[in-house]
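Single-structure report; data block below.
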Amino acid sequence: MAGKKGYEATRRLRKRSKSKRGGNAARALPCSGVMAAKVEQYLESLAVKNYTPDTIEGRRDSLKTFVLWAHDRDLVTPESVSKTMLESYQRHLWRWRKPNGKPLGISTQRQRLSTLKDFFAYLTKQNHIPANPASEIELPRQEKRLPQEALSLQQVRAVLNVPDIRDPLGLRDRCMLETFYSTGIRRSELAKLEITDLNRDRQTLQVRQGKGRKDRVVPVGERALHWLEKYLDEVRPRLLLDANERALFVTSYGEAFNPDVISRMVSKFIKQADMGKEGSCHLLRHSCATHMLEGGADIRFIQQLLGHEKLETTAIYTQVSIEQLKAVHSKTHPAESGGGNAEK
């Protein structure tokens, strides 16, 4: 296998058992005890209420941090947690630094504290504790920041051209990038796509159980459809190990992708494009929306494409769609239109 890359390098690895393939370890709480048991009961209650698996796992991750922090301070039962202790935990989140020295983002701090407030509200409602110590915890003020600047058309082309389409895996990866940019779907939505979700005749994708468990249909552009047909005809059959596999995009092991793996792949391609940009799947989604707005698309159509519940969520893209503002500025500003006494 020396010197082999891409599909050829994976042919022997495809024979390995699932237990030897690595990948993401099963998620579990960092310690056991009463607190951990109550967390599991809370998460089970969310499943009963039909919360999505992604939401439940996100809350599990948020509560992991608190359970470990509490365990280190011998706070092993919910009854031992006071408002003062929770305020101390909030300061801990504010002071905490990542390995690169950067603090936790405000949105991450808000997410972890919001989950904690909901957890203790659940315990109080179920009479596991007499009073809710988190009821008066105030969340950090949300920052109103613009999303990352979208890629230019030239930068999008640079990213799309990174995969080596002479290799089956490279052709698959190009197809995935084209699908992201054409449809604006989320990474989790792309990972869940099944072979029957693509309608070649209508040039559409059926996005099932997207964010908020909502289905929607999105159009697929001609260029993306071209790559999808090449992938389906030339590559996917070679990757399959189980003829009953339903996933549209499959790994070199013939299985559906984990969204985290897709993120790492796309992030790598953006870095390899060598344009001074960092980002992942959301950057292609953001670029899709921005370019359509700059092309004259109505914001409500963009809302439908992206699957946003509220128009306000989509409206933020108009704040970074600079090309239309530049055109108006050029036509109307005295220093640009030739009016006034501005000196060149």
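Ligands are numbered from 1 in the order shown, residues from 1 within each chain, and chains are lettered A, B, ... in the order they appear in the structure tokens.
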* **Residues flagged helix (DSSP H, G or I) by DSSP in segment 196-309 of chain A, as an MDAnalysis selection string** => chainID A and resid 196:197 222:239 259:272 281:294 299:306
Only C-alpha atoms, please: the residues just picked out, written as a CSV table (one decimal), in the first residue's frame.
chain,number,residue,atom,x,y,z
A,196,THR,CA,-34.5,7.9,-2.9
A,197,ASP,CA,-34.4,11.5,-1.8
A,222,GLU,CA,-27.7,21.6,-13.2
A,223,ARG,CA,-24.0,21.5,-12.3
A,224,ALA,CA,-24.6,19.8,-9.0
A,225,LEU,CA,-27.0,17.3,-10.7
A,226,HIS,CA,-24.3,16.5,-13.2
A,227,TRP,CA,-21.8,15.6,-10.4
A,228,LEU,CA,-24.5,13.7,-8.6
A,229,GLU,CA,-25.2,11.5,-11.7
A,230,LYS,CA,-21.5,10.9,-12.2
A,231,TYR,CA,-21.1,9.9,-8.5
A,232,LEU,CA,-24.2,7.6,-8.6
A,233,ASP,CA,-23.3,5.9,-11.9
A,234,GLU,CA,-19.5,5.6,-11.4
A,235,VAL,CA,-18.5,5.8,-7.8
A,236,ARG,CA,-21.2,4.8,-5.3
A,237,PRO,CA,-21.6,1.2,-6.6
A,238,ARG,CA,-17.8,0.7,-6.1
A,239,LEU,CA,-18.0,2.0,-2.5
A,259,PRO,CA,-21.6,14.8,10.2
A,260,ASP,CA,-18.4,15.5,12.2
A,261,VAL,CA,-16.4,13.6,9.5
A,262,ILE,CA,-18.0,15.7,6.8
A,263,SER,CA,-17.1,18.9,8.7
A,264,ARG,CA,-13.5,17.8,8.9
A,265,MET,CA,-13.4,17.0,5.2
A,266,VAL,CA,-14.9,20.3,4.1
A,267,SER,CA,-12.6,22.3,6.5
A,268,LYS,CA,-9.6,20.5,5.0
A,269,PHE,CA,-10.6,21.4,1.4
A,270,ILE,CA,-11.1,25.1,2.4
A,271,LYS,CA,-7.7,25.2,3.9
A,272,GLN,CA,-6.2,23.4,0.9
A,281,CYS,CA,-19.9,23.2,5.7
A,282,HIS,CA,-21.7,26.3,7.0
A,283,LEU,CA,-19.5,28.6,4.9
A,284,LEU,CA,-20.7,26.9,1.7
A,285,ARG,CA,-24.3,27.2,3.0
A,286,HIS,CA,-23.7,30.9,3.8
A,287,SER,CA,-22.1,31.5,0.4
A,288,CYS,CA,-25.0,29.9,-1.4
A,289,ALA,CA,-27.5,32.2,0.3
A,290,THR,CA,-25.4,35.3,-0.1
A,291,HIS,CA,-24.8,34.7,-3.8
A,292,MET,CA,-28.5,34.1,-4.5
A,293,LEU,CA,-29.5,37.3,-2.7
A,294,GLU,CA,-26.9,39.2,-4.7
A,299,ILE,CA,-35.4,36.7,0.9
A,300,ARG,CA,-38.5,34.5,1.5
A,301,PHE,CA,-37.3,32.0,-1.2
A,302,ILE,CA,-33.9,31.9,0.6
A,303,GLN,CA,-35.7,31.3,3.9
A,304,GLN,CA,-37.5,28.3,2.3
A,305,LEU,CA,-34.3,27.0,0.8
A,306,LEU,CA,-32.4,27.1,4.0
* To do: Can you pull out every residue within 7 Å of Leu177 of chain A, counting only C-alpha atoms, but drop anything in the same chain fewer than 4 positions away, and send it as a PyMOL selection string?
  => chain A and resi 160+173+181
Identify, on the basis of only C-alpha atoms, every residue whose closest approach to Gly58 of chain A does not exceed 12 Å; exclude the query and any residue fewer than 6 positions from it along the same chain; express the result as a compact mmCIF listing (two decimals) with all heavy atoms, in the first residue's frame.
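Everything below was put into around.txt:
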# COMPACT_ATOMS: atom_id res chain seq x y z
N ARG A 27 -20.74 8.34 23.24
CA ARG A 27 -20.78 9.43 24.19
C ARG A 27 -21.32 8.93 25.52
O ARG A 27 -22.29 8.20 25.58
CB ARG A 27 -21.65 10.58 23.66
CG ARG A 27 -21.10 11.19 22.38
CD ARG A 27 -21.99 12.31 21.90
NE ARG A 27 -21.43 12.94 20.71
CZ ARG A 27 -21.99 13.97 20.10
NH1 ARG A 27 -23.11 14.47 20.54
NH2 ARG A 27 -21.42 14.51 19.04
N LEU A 43 -32.54 13.51 30.01
CA LEU A 43 -32.37 13.30 28.57
C LEU A 43 -33.42 12.33 28.03
O LEU A 43 -33.91 12.51 26.91
CB LEU A 43 -30.96 12.78 28.29
CG LEU A 43 -29.80 13.73 28.65
CD1 LEU A 43 -28.46 13.03 28.46
CD2 LEU A 43 -29.87 14.99 27.81
N LEU A 46 -36.57 14.15 27.34
CA LEU A 46 -36.54 14.89 26.07
C LEU A 46 -36.87 13.96 24.90
O LEU A 46 -37.58 14.36 23.97
CB LEU A 46 -35.16 15.51 25.87
CG LEU A 46 -34.71 16.55 26.89
CD1 LEU A 46 -33.33 17.09 26.52
CD2 LEU A 46 -35.72 17.70 27.00
N TYR A 51 -37.88 15.26 21.11
CA TYR A 51 -36.75 16.10 20.73
C TYR A 51 -35.85 15.30 19.79
O TYR A 51 -35.75 14.07 19.89
CB TYR A 51 -35.96 16.53 21.96
CG TYR A 51 -36.56 17.70 22.72
CD1 TYR A 51 -37.81 17.59 23.33
CD2 TYR A 51 -35.88 18.90 22.83
CE1 TYR A 51 -38.37 18.65 24.03
CE2 TYR A 51 -36.43 19.97 23.53
CZ TYR A 51 -37.68 19.84 24.12
OH TYR A 51 -38.22 20.90 24.81
N THR A 52 -35.15 15.99 18.90
CA THR A 52 -34.30 15.30 17.94
C THR A 52 -33.08 14.71 18.63
O THR A 52 -32.61 15.24 19.65
CB THR A 52 -33.84 16.25 16.83
OG1 THR A 52 -32.98 17.25 17.40
CG2 THR A 52 -35.02 16.92 16.15
N LYS A 64 -22.36 17.44 30.44
CA LYS A 64 -21.11 16.76 30.79
C LYS A 64 -20.18 17.70 31.53
O LYS A 64 -19.58 17.34 32.54
CB LYS A 64 -20.41 16.27 29.51
CG LYS A 64 -20.79 14.91 29.01
CD LYS A 64 -19.89 14.58 27.83
CE LYS A 64 -20.29 13.29 27.17
NZ LYS A 64 -19.39 12.96 26.03
N THR A 65 -20.05 18.91 30.99
CA THR A 65 -19.13 19.88 31.58
C THR A 65 -19.52 20.18 33.02
O THR A 65 -18.66 20.22 33.91
CB THR A 65 -19.15 21.19 30.77
OG1 THR A 65 -18.90 20.90 29.40
CG2 THR A 65 -18.12 22.17 31.27
N THR A 108 -21.84 29.63 23.25
CA THR A 108 -21.57 28.36 23.92
C THR A 108 -21.88 28.47 25.41
O THR A 108 -22.48 27.56 26.00
CB THR A 108 -20.12 27.92 23.71
OG1 THR A 108 -19.85 27.81 22.31
CG2 THR A 108 -19.85 26.58 24.38
N GLN A 111 -25.58 28.45 25.80
CA GLN A 111 -26.15 27.12 25.56
C GLN A 111 -25.99 26.23 26.79
O GLN A 111 -26.91 25.54 27.21
CB GLN A 111 -25.49 26.48 24.34
CG GLN A 111 -26.00 25.08 24.03
CD GLN A 111 -25.21 24.40 22.93
OE1 GLN A 111 -23.98 24.50 22.89
NE2 GLN A 111 -25.90 23.72 22.04
N ARG A 112 -24.79 26.24 27.38
CA ARG A 112 -24.54 25.39 28.53
C ARG A 112 -25.35 25.81 29.74
O ARG A 112 -25.88 24.97 30.48
CB ARG A 112 -23.04 25.39 28.86
CG ARG A 112 -22.22 24.71 27.77
CD ARG A 112 -20.75 24.59 28.12
NE ARG A 112 -20.02 23.93 27.03
CZ ARG A 112 -18.73 23.68 27.06
NH1 ARG A 112 -18.00 24.05 28.10
NH2 ARG A 112 -18.15 23.08 26.04
N SER A 114 -28.21 27.60 29.64
CA SER A 114 -29.62 27.41 29.32
C SER A 114 -30.02 25.95 29.53
O SER A 114 -31.10 25.65 30.07
CB SER A 114 -29.90 27.83 27.88
OG SER A 114 -31.23 27.61 27.53
N THR A 115 -29.16 25.02 29.11
CA THR A 115 -29.43 23.60 29.33
C THR A 115 -29.47 23.29 30.82
O THR A 115 -30.32 22.53 31.29
CB THR A 115 -28.35 22.75 28.65
OG1 THR A 115 -28.37 22.99 27.24
CG2 THR A 115 -28.58 21.27 28.90
Closest atom pairs, segment 131-174 of chain A residues within 10 Å of segment 245-258 of chain A, only C-alpha atoms, as JSON lines:
{"residue": "A:Pro168", "atom": "CA", "partner": "A:Ser252", "partner_atom": "CA", "distance": 9.6}
{"residue": "A:Leu169", "atom": "CA", "partner": "A:Ser252", "partner_atom": "CA", "distance": 7.5}
{"residue": "A:Arg172", "atom": "CA", "partner": "A:Phe249", "partner_atom": "CA", "distance": 7.7}
{"residue": "A:Asp173", "atom": "CA", "partner": "A:Phe249", "partner_atom": "CA", "distance": 9.2}
* Asked: Got a sec: who's within 9 Å of segment 66-68 of chain A, counting only C-alpha atoms, leaving out chain neighbours fewer than 2 positions off, as number ranges by chain?
  -> A: 29-31, 35-36, 39, 62-64, 70-73, 75-76, 89, 112, 116
* Asked: Expressed in Å to a single decimal, how great is the separation between atom CA of Arg186 of chain A and atom CA of His308 of chain A?
  ->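 Between atom CA of Arg186 of chain A and atom CA of His308 of chain A the gap works out to 11.2 Å.
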* Asked: If you measure from atom CA of Glu143 of chain A to atom CA of Trp96 of chain A, what distance in Å do you get, rounded to one decimal?
  ->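 Here the two named atoms are 18.4 Å from each other.
Each of A:Gln154, A:Ile185, A:Asp118, A:Leu93 was compared to Ala273 of chain A using only C-alpha atoms, and A:Gln154 turns out to be the nearest.
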* Which is closest to Ala37 of chain A among A:Lys102, A:His128, A:Leu86, A:Leu153, if we use only C-alpha atoms? ->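 Result for the nearest residue to Ala37 of chain A: A:His128.
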* To do: Write out as number ranges by chain which residues come within 8 Å of Gly210 of chain A when counting only C-alpha atoms, dropping same-chain ones fewer than 5 positions away.
  => A: 188-189, 215-216, 307
Keeping C-alpha atoms for every residue in the selection just given, could you write it to a file as a PDB file, in the first residue's frame?
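Saved the output as result-v5.pdb:
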ATOM      1  CA  SER A 188     -26.534  16.870   9.227  1.00  0.00           C
ATOM      2  CA  GLU A 189     -29.102  17.043   6.429  1.00  0.00           C
ATOM      3  CA  ASP A 215     -39.202  18.104   5.895  1.00  0.00           C
ATOM      4  CA  ARG A 216     -38.642  20.299   2.851  1.00  0.00           C
ATOM      5  CA  GLY A 307     -35.204  25.769   6.137  1.00  0.00           C
TER       6      GLY A 307
END
* Asked: What is the distance, in Å and to one decimal place, between atom CA of Lys192 of chain A and atom CA of Gly170 of chain A?
  -> 20.3 Å
For Ser135 of chain A: contacts at 10 Å, only C-alpha atoms, fewer than 3 positions along chain excluded, given as a PDB file with N, CA and C atoms, in the first residue's frame:
ATOM      1  N   LYS A  83     -27.713  28.117  44.433  1.00  0.00           N
ATOM      2  CA  LYS A  83     -27.596  29.221  43.485  1.00  0.00           C
ATOM      3  C   LYS A  83     -26.175  29.773  43.485  1.00  0.00           C
ATOM      4  N   LEU A 116     -28.564  23.892  31.579  1.00  0.00           N
ATOM      5  CA  LEU A 116     -28.519  23.672  33.023  1.00  0.00           C
ATOM      6  C   LEU A 116     -29.791  24.182  33.693  1.00  0.00           C
ATOM      7  N   LYS A 117     -30.279  25.342  33.254  1.00  0.00           N
ATOM      8  CA  LYS A 117     -31.522  25.890  33.804  1.00  0.00           C
ATOM      9  C   LYS A 117     -32.698  24.957  33.503  1.00  0.00           C
ATOM     10  N   ASP A 118     -32.726  24.407  32.302  1.00  0.00           N
ATOM     11  CA  ASP A 118     -33.807  23.503  31.930  1.00  0.00           C
ATOM     12  C   ASP A 118     -33.719  22.198  32.716  1.00  0.00           C
ATOM     13  N   PHE A 120     -32.480  21.753  35.811  1.00  0.00           N
ATOM     14  CA  PHE A 120     -32.944  21.943  37.188  1.00  0.00           C
ATOM     15  C   PHE A 120     -34.436  22.255  37.234  1.00  0.00           C
ATOM     16  N   ALA A 121     -34.955  22.901  36.198  1.00  0.00           N
ATOM     17  CA  ALA A 121     -36.404  23.110  36.136  1.00  0.00           C
ATOM     18  C   ALA A 121     -37.126  21.770  36.043  1.00  0.00           C
ATOM     19  N   ALA A 131     -36.606  23.026  45.429  1.00  0.00           N
ATOM     20  CA  ALA A 131     -36.603  24.355  44.800  1.00  0.00           C
ATOM     21  C   ALA A 131     -35.563  24.379  43.689  1.00  0.00           C
ATOM     22  N   ASN A 132     -35.770  25.292  42.745  1.00  0.00           N
ATOM     23  CA  ASN A 132     -34.894  25.376  41.586  1.00  0.00           C
ATOM     24  C   ASN A 132     -33.775  26.385  41.842  1.00  0.00           C
ATOM     25  N   GLU A 138     -28.903  34.464  35.370  1.00  0.00           N
ATOM     26  CA  GLU A 138     -29.053  35.275  34.159  1.00  0.00           C
ATOM     27  C   GLU A 138     -28.031  34.839  33.112  1.00  0.00           C
TER      28      GLU A 138
END
